[in-house]
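Notes for the one structure printed next.
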Amino acid sequence: MRVPRQYVRDPGDEPPAAQDELLAHFDTLIASGETVEPRDWMPDGYRRMLLRQIAQHAHSEIIGMQPEGAWLTRAPSLHRKSVLIAKVQDEAGHGLYLYSAAETLGVDRADLLDALHRGRQRFAATFNHPALTWADTGAIAWLTDGAAVINQAPLCRTSYGPYARAMRRVCQEEAFHVRQGYDMMRALCEGTPEQKRMAQDAVDRWWLPAVALMFGPPDTEAAGAGGSDARTAALGASVSRRAIAWGIKHHTNDELRQRFVDSVVPQAERLGLTLPDPAIRWNEERGHYDFTPVDWETYRDALGDDTHWARQRIAHRRAAHEDGAWVREAAAAYAAREAVRSGTGGTGDAGDAGSTGGTGSTEESA
Amino acid sequence: MSSTSTEREGAPASWEVFLRPRRGLAHQHMGSVRADDAAMALGRARDLYIRRGDPLSLWVVRSDAVHAVSPDERDPYFSNARHKPYRYPEQYAPLTGQFTEFREEGRDDDHHP
């Protein structure tokens with residue numbers, strides 16, 4: 001199979017002297033705040049870090065459809081059902097924007113899905129938690145999507161062009177998710193005492209997954225309590241510093257976590273709901289809300305790895321993929337037959353297709 | 001070439017998606033979808049890139065039909081655009097005001113044809 005190398009440039013192709021020059025050019029782009037685009041030379045570590053982050057992000061979007069998707073057939077009204085369908089469709093779309101962006105780095109999305117199914121790439125552990133009541137769909141949208149917006153808004157300026165462009169589209173849509181989730185919590189809080197209890201119960205269960213897991217592990221040295229956790233936090237801090245130096249991230253996980261707490265505490269007060277952290281109080285001196293720091297122990301507790309639900313998410317995803325195999329085969333067979341009929345031979349011969357796969361190509365077409 | 005071949009054998013083809021979001025604008029590149037034929041690519045592009053708004057037109061083009069070149073790979077190819085200040089209007093005497101205010105020595109005459 002010969003694939004036109006429209007995007008990918010192998011760093012190994014260049015002689016060592018030229019590599020210094022290429023690296024200098026790359027560093028200049030990052031320093032001046034310009035985006036790195038698919039055909040630009042980039043250090044291998046940058047490409048690997050991006051791929052890992054974009055793939056994990058894409059996987060989180062499509063696995064994240066499951067907790068809420070489970071309530072689609074049980075929504076209390078046609079309106080709420082329409083809203084929830086729109087939201088879950090958006091999550092699928094976000095996954096696809098991101099797989100498209102990942103493909104500009106020289107991978108095939110089929111391989112990324114394989115890695116997800118085999119447990120070689122991760123997704124946000126937030127979605128290892130089950131949505132037990134209808135109110136959970138509101139709490140998930142308000143709290144975890146609210147956390148996602150804060151986490152993702154700076155990614156609209158991430159240094160890799162296709163990722164930044166995908167994130168701009170994602171963020172516009174996430175704003176709808178948060179608003180409708182908050183609106184749903186408002187409706188429940190203004191409803192019967194039973195509905196309000198249901199809302200509080202959902203917040204009690206989704207607070208920790210949102211505040212701990214949506215921002216990633218602690219990555220400032222202060223967050224490690226000492227011992228091996230301090231070393232792990234120091235390692236996390238050095239990865240974050242690398243990501244910030246490359247312009248992939250702009251803030252540490254812990255900074256964004258604080259920003260989230262600051263935004264969501266007043267929202268909870270307006271709803272009359274209590275966030276399940278007794279340490280939350282306004283700190284005049286810092287100009288921020290204090291809250292129980294997310295240390296490694298808290299983070300591990302929140303992960304829910306190796307639980308029934310964590311296994312269920314991947315099993316469900318794999319089953320959906322395997323059950324859909326006949327559809328993919330039928331589509332390929334149909335396209336091949338039509339290509340023979342029309343004498344083009346083109347579209348059916350999918351194995352010889354080009355590998356551009358992503359955002360940004362027209363800017364480069366001559 | 002196989003060392004960087006990225007598309008998996010037998011995977012559906014990649015298609016670039018272009019959308020005219022509203023009147024007065026050209027089609028804009030949105031991203032890509034995977035599909036076995038054009039009809040399916042259009043359907044997937046619609047589902048993915050048009051969940052909101054009032055779009056006017058949608059194109060899909062097989063990714064391998066896009067031929068591309070970029071400056072950092074083939075610099076001389078783009079030399080037409082570089083170091084040619086005489087292609088810009090501000091290099092010349094203004095149509096209004098005094099000529100004395102126009103400093104010809106400020107003109108970059110380094111690049112005679």
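Numbering starts fresh at 1 for the residues of each chain in the structure tokens, the chains themselves are lettered A, B, ... in the order given, and ligands are numbered from 1 as they appear.
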
Determine, for each residue of chain B having at least one atom at most 12 Å from an atom of chain A, the closest pair of atoms and their separation in Å to one decimal, counting only C-alpha atoms; order by chain and ascending number, as CSV.
```
residue,atom,partner,partner_atom,distance
B:Met1,CA,A:Arg2,CA,6.9
B:Ser2,CA,A:Arg2,CA,6.9
B:Ser3,CA,A:Asp10,CA,8.5
B:Thr4,CA,A:Val8,CA,6.8
B:Ser5,CA,A:Val3,CA,5.5
B:Thr6,CA,A:Val107,CA,5.0
B:Glu7,CA,A:Asp108,CA,5.3
B:Arg8,CA,A:Asp108,CA,6.2
B:Glu9,CA,A:Gly351,CA,4.8
B:Gly10,CA,A:Gly351,CA,4.7
B:Ala11,CA,A:Ala350,CA,6.3
B:Pro12,CA,A:Ala350,CA,5.6
B:Ala13,CA,A:Ala350,CA,5.3
B:Ser14,CA,A:Gly357,CA,5.4
B:Trp15,CA,A:Gly357,CA,7.0
B:Glu16,CA,A:Gly358,CA,6.9
B:Val17,CA,A:Thr359,CA,8.7
B:Phe18,CA,A:Thr362,CA,9.3
B:His27,CA,A:Thr362,CA,10.5
B:Gln28,CA,A:Thr362,CA,8.5
B:His29,CA,A:Thr362,CA,6.5
B:Met30,CA,A:Thr359,CA,6.3
B:Gly31,CA,A:Thr359,CA,4.1
B:Ser32,CA,A:Gly358,CA,4.9
B:Val33,CA,A:Ser100,CA,7.0
B:Arg34,CA,A:Gly357,CA,8.1
B:Ala35,CA,A:Ala331,CA,8.4
B:Asp36,CA,A:Ala332,CA,5.6
B:Asp37,CA,A:Ala335,CA,5.7
B:Ala38,CA,A:Thr347,CA,8.0
B:Ala39,CA,A:Ala335,CA,9.7
B:Met40,CA,A:Ala331,CA,8.6
B:Ala41,CA,A:Thr347,CA,10.9
B:Arg44,CA,A:Gly93,CA,10.2
B:Ala45,CA,A:Gly93,CA,10.2
B:Arg46,CA,A:Gly93,CA,10.9
B:Asp47,CA,A:Gly93,CA,8.1
B:Leu48,CA,A:Gly93,CA,5.5
B:Tyr49,CA,A:Gly93,CA,8.0
B:Ile50,CA,A:Gly93,CA,10.1
B:Arg51,CA,A:Asp90,CA,8.1
B:Arg52,CA,A:Glu173,CA,9.6
B:Val61,CA,A:Thr362,CA,10.9
B:Arg62,CA,A:Gly354,CA,7.9
B:Ser63,CA,A:Thr356,CA,5.6
B:Asp64,CA,A:Gly354,CA,4.1
B:Ala65,CA,A:Gly354,CA,7.9
B:Val66,CA,A:Ser365,CA,6.8
B:His67,CA,A:Ser365,CA,5.9
B:Ala68,CA,A:Ser365,CA,4.1
B:Val69,CA,A:Ala366,CA,5.9
B:Ser70,CA,A:Glu364,CA,5.9
B:Pro71,CA,A:Glu364,CA,9.0
B:Asp72,CA,A:Asp40,CA,7.4
B:Glu73,CA,A:Asp40,CA,8.5
B:Arg74,CA,A:Arg39,CA,11.8
B:Tyr77,CA,A:Ala366,CA,10.3
B:Phe78,CA,A:Ala366,CA,9.9
```

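Using only C-alpha atoms, the residues found no farther than 6 Å from range 125-134 of chain A, other than those of its own chain fewer than 2 positions away, are Gly64, Pro67, Asp136, Thr137, Pro209, Leu213, Leu303, Trp309 and Ala310 of chain A.
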
Resulting file, chosen residues, N, CA and C atoms, as a compact mmCIF listing (two decimals), in the first residue's frame:
```txt
# COMPACT_ATOMS: atom_id res chain seq x y z
N GLY A 64 -18.15 9.12 27.57
CA GLY A 64 -19.02 10.01 28.34
C GLY A 64 -20.47 10.01 27.88
N PRO A 67 -23.18 7.25 30.53
CA PRO A 67 -24.00 7.47 31.72
C PRO A 67 -25.30 8.22 31.40
N ASP A 136 -29.05 12.80 37.97
CA ASP A 136 -27.64 12.67 37.62
C ASP A 136 -27.33 13.28 36.25
N THR A 137 -28.30 13.21 35.33
CA THR A 137 -28.02 13.78 34.00
C THR A 137 -27.84 15.29 34.11
N PRO A 209 -16.06 13.30 41.49
CA PRO A 209 -15.61 12.99 40.12
C PRO A 209 -15.33 14.26 39.31
N LEU A 213 -11.45 14.40 39.11
CA LEU A 213 -11.04 13.66 37.91
C LEU A 213 -11.03 14.49 36.64
N LEU A 303 -11.07 7.57 41.49
CA LEU A 303 -10.86 6.96 40.17
C LEU A 303 -11.89 5.90 39.81
N TRP A 309 -18.45 -0.73 37.07
CA TRP A 309 -18.86 0.25 36.07
C TRP A 309 -17.74 0.57 35.09
N ALA A 310 -16.50 0.60 35.60
CA ALA A 310 -15.36 0.87 34.71
C ALA A 310 -15.27 -0.21 33.64
```

*Please report, as a PyMOL selection string, each residue of range 160-355 of chain A to which DSSP assigns helix (DSSP H, G or I) when run on this structure's backbone.*
chain A and resi 161-189+193-213+221-223+227-245+253-271+296-303+308-323+325-342+350-352

*Of the candidates A:His177, A:Ala153, A:Ala148, A:Ala187, which shows the shortest atom-to-atom distance to Ala135 in chain A, using only C-alpha atoms?*
A:Ala187

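Coordinates place CA of Ala58 in chain A at a distance of 20.4 Å from CA of His251 in chain A.
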
_Surrounding residues of Ser57 in chain B excluding itself and chain neighbours under 3 positions, 10 Å, only C-alpha atoms, as a ChimeraX atom specification_ = /B:18-23,26-27,54

*asked:* Let's see if you can do this: from backbone DSSP, list all strand (DSSP E or B) residues in range 5-107 of chain B, as a VMD selection string.
replied: chain B and resid 13 to 20 28 to 35 57 to 62 68

Writing out the chosen residues with N, CA and C atoms as a PDB file, in the first residue's frame:
```pdb
ATOM      1  N   ALA B  13     -12.354   5.402   3.532  1.00  0.00           N
ATOM      2  CA  ALA B  13     -11.536   6.521   3.076  1.00  0.00           C
ATOM      3  C   ALA B  13     -11.772   7.761   3.926  1.00  0.00           C
ATOM      4  N   SER B  14     -10.760   8.639   3.934  1.00  0.00           N
ATOM      5  CA  SER B  14     -10.874   9.922   4.620  1.00  0.00           C
ATOM      6  C   SER B  14     -11.391  10.968   3.633  1.00  0.00           C
ATOM      7  N   TRP B  15     -12.304  11.807   4.066  1.00  0.00           N
ATOM      8  CA  TRP B  15     -12.878  12.878   3.243  1.00  0.00           C
ATOM      9  C   TRP B  15     -12.737  14.199   3.969  1.00  0.00           C
ATOM     10  N   GLU B  16     -12.306  15.231   3.268  1.00  0.00           N
ATOM     11  CA  GLU B  16     -12.243  16.575   3.844  1.00  0.00           C
ATOM     12  C   GLU B  16     -13.615  17.232   3.674  1.00  0.00           C
ATOM     13  N   VAL B  17     -14.037  17.971   4.681  1.00  0.00           N
ATOM     14  CA  VAL B  17     -15.379  18.549   4.690  1.00  0.00           C
ATOM     15  C   VAL B  17     -15.291  20.075   4.603  1.00  0.00           C
ATOM     16  N   PHE B  18     -16.075  20.652   3.694  1.00  0.00           N
ATOM     17  CA  PHE B  18     -16.114  22.109   3.510  1.00  0.00           C
ATOM     18  C   PHE B  18     -17.563  22.570   3.628  1.00  0.00           C
ATOM     19  N   LEU B  19     -17.747  23.659   4.346  1.00  0.00           N
ATOM     20  CA  LEU B  19     -19.100  24.155   4.603  1.00  0.00           C
ATOM     21  C   LEU B  19     -19.175  25.642   4.289  1.00  0.00           C
ATOM     22  N   ARG B  20     -20.249  26.039   3.583  1.00  0.00           N
ATOM     23  CA  ARG B  20     -20.528  27.470   3.442  1.00  0.00           C
ATOM     24  C   ARG B  20     -21.524  27.800   4.549  1.00  0.00           C
ATOM     25  N   GLN B  28     -15.707  26.829   3.881  1.00  0.00           N
ATOM     26  CA  GLN B  28     -14.590  26.771   4.821  1.00  0.00           C
ATOM     27  C   GLN B  28     -14.295  25.329   5.193  1.00  0.00           C
ATOM     28  N   HIS B  29     -13.012  25.043   5.353  1.00  0.00           N
ATOM     29  CA  HIS B  29     -12.633  23.692   5.755  1.00  0.00           C
ATOM     30  C   HIS B  29     -13.041  23.453   7.203  1.00  0.00           C
ATOM     31  N   MET B  30     -13.748  22.346   7.457  1.00  0.00           N
ATOM     32  CA  MET B  30     -14.253  22.073   8.801  1.00  0.00           C
ATOM     33  C   MET B  30     -13.460  20.978   9.496  1.00  0.00           C
ATOM     34  N   GLY B  31     -12.981  19.998   8.723  1.00  0.00           N
ATOM     35  CA  GLY B  31     -12.338  18.832   9.319  1.00  0.00           C
ATOM     36  C   GLY B  31     -12.525  17.660   8.386  1.00  0.00           C
ATOM     37  N   SER B  32     -12.558  16.461   8.922  1.00  0.00           N
ATOM     38  CA  SER B  32     -12.657  15.307   8.045  1.00  0.00           C
ATOM     39  C   SER B  32     -13.608  14.265   8.618  1.00  0.00           C
ATOM     40  N   VAL B  33     -14.111  13.409   7.747  1.00  0.00           N
ATOM     41  CA  VAL B  33     -14.891  12.248   8.176  1.00  0.00           C
ATOM     42  C   VAL B  33     -14.342  11.022   7.462  1.00  0.00           C
ATOM     43  N   ARG B  34     -14.706   9.865   7.935  1.00  0.00           N
ATOM     44  CA  ARG B  34     -14.377   8.616   7.248  1.00  0.00           C
ATOM     45  C   ARG B  34     -15.664   8.058   6.648  1.00  0.00           C
ATOM     46  N   ALA B  35     -15.583   7.595   5.400  1.00  0.00           N
ATOM     47  CA  ALA B  35     -16.765   7.003   4.766  1.00  0.00           C
ATOM     48  C   ALA B  35     -16.330   6.230   3.538  1.00  0.00           C
ATOM     49  N   SER B  57     -24.404  25.240   2.124  1.00  0.00           N
ATOM     50  CA  SER B  57     -23.859  24.265   1.189  1.00  0.00           C
ATOM     51  C   SER B  57     -22.759  23.453   1.845  1.00  0.00           C
ATOM     52  N   LEU B  58     -22.686  22.198   1.462  1.00  0.00           N
ATOM     53  CA  LEU B  58     -21.714  21.280   2.054  1.00  0.00           C
ATOM     54  C   LEU B  58     -20.970  20.559   0.935  1.00  0.00           C
ATOM     55  N   TRP B  59     -19.636  20.503   1.030  1.00  0.00           N
ATOM     56  CA  TRP B  59     -18.826  19.747   0.079  1.00  0.00           C
ATOM     57  C   TRP B  59     -18.058  18.669   0.836  1.00  0.00           C
ATOM     58  N   VAL B  60     -17.841  17.534   0.188  1.00  0.00           N
ATOM     59  CA  VAL B  60     -16.847  16.580   0.683  1.00  0.00           C
ATOM     60  C   VAL B  60     -15.900  16.239  -0.460  1.00  0.00           C
ATOM     61  N   VAL B  61     -14.627  16.104  -0.156  1.00  0.00           N
ATOM     62  CA  VAL B  61     -13.599  15.806  -1.149  1.00  0.00           C
ATOM     63  C   VAL B  61     -12.700  14.719  -0.580  1.00  0.00           C
ATOM     64  N   ARG B  62     -12.450  13.679  -1.362  1.00  0.00           N
ATOM     65  CA  ARG B  62     -11.534  12.634  -0.878  1.00  0.00           C
ATOM     66  C   ARG B  62     -10.208  13.273  -0.454  1.00  0.00           C
ATOM     67  N   ALA B  68      -0.963  19.135  -1.979  1.00  0.00           N
ATOM     68  CA  ALA B  68      -0.548  20.208  -1.076  1.00  0.00           C
ATOM     69  C   ALA B  68       0.942  20.474  -1.136  1.00  0.00           C
TER      70      ALA B  68
END
```
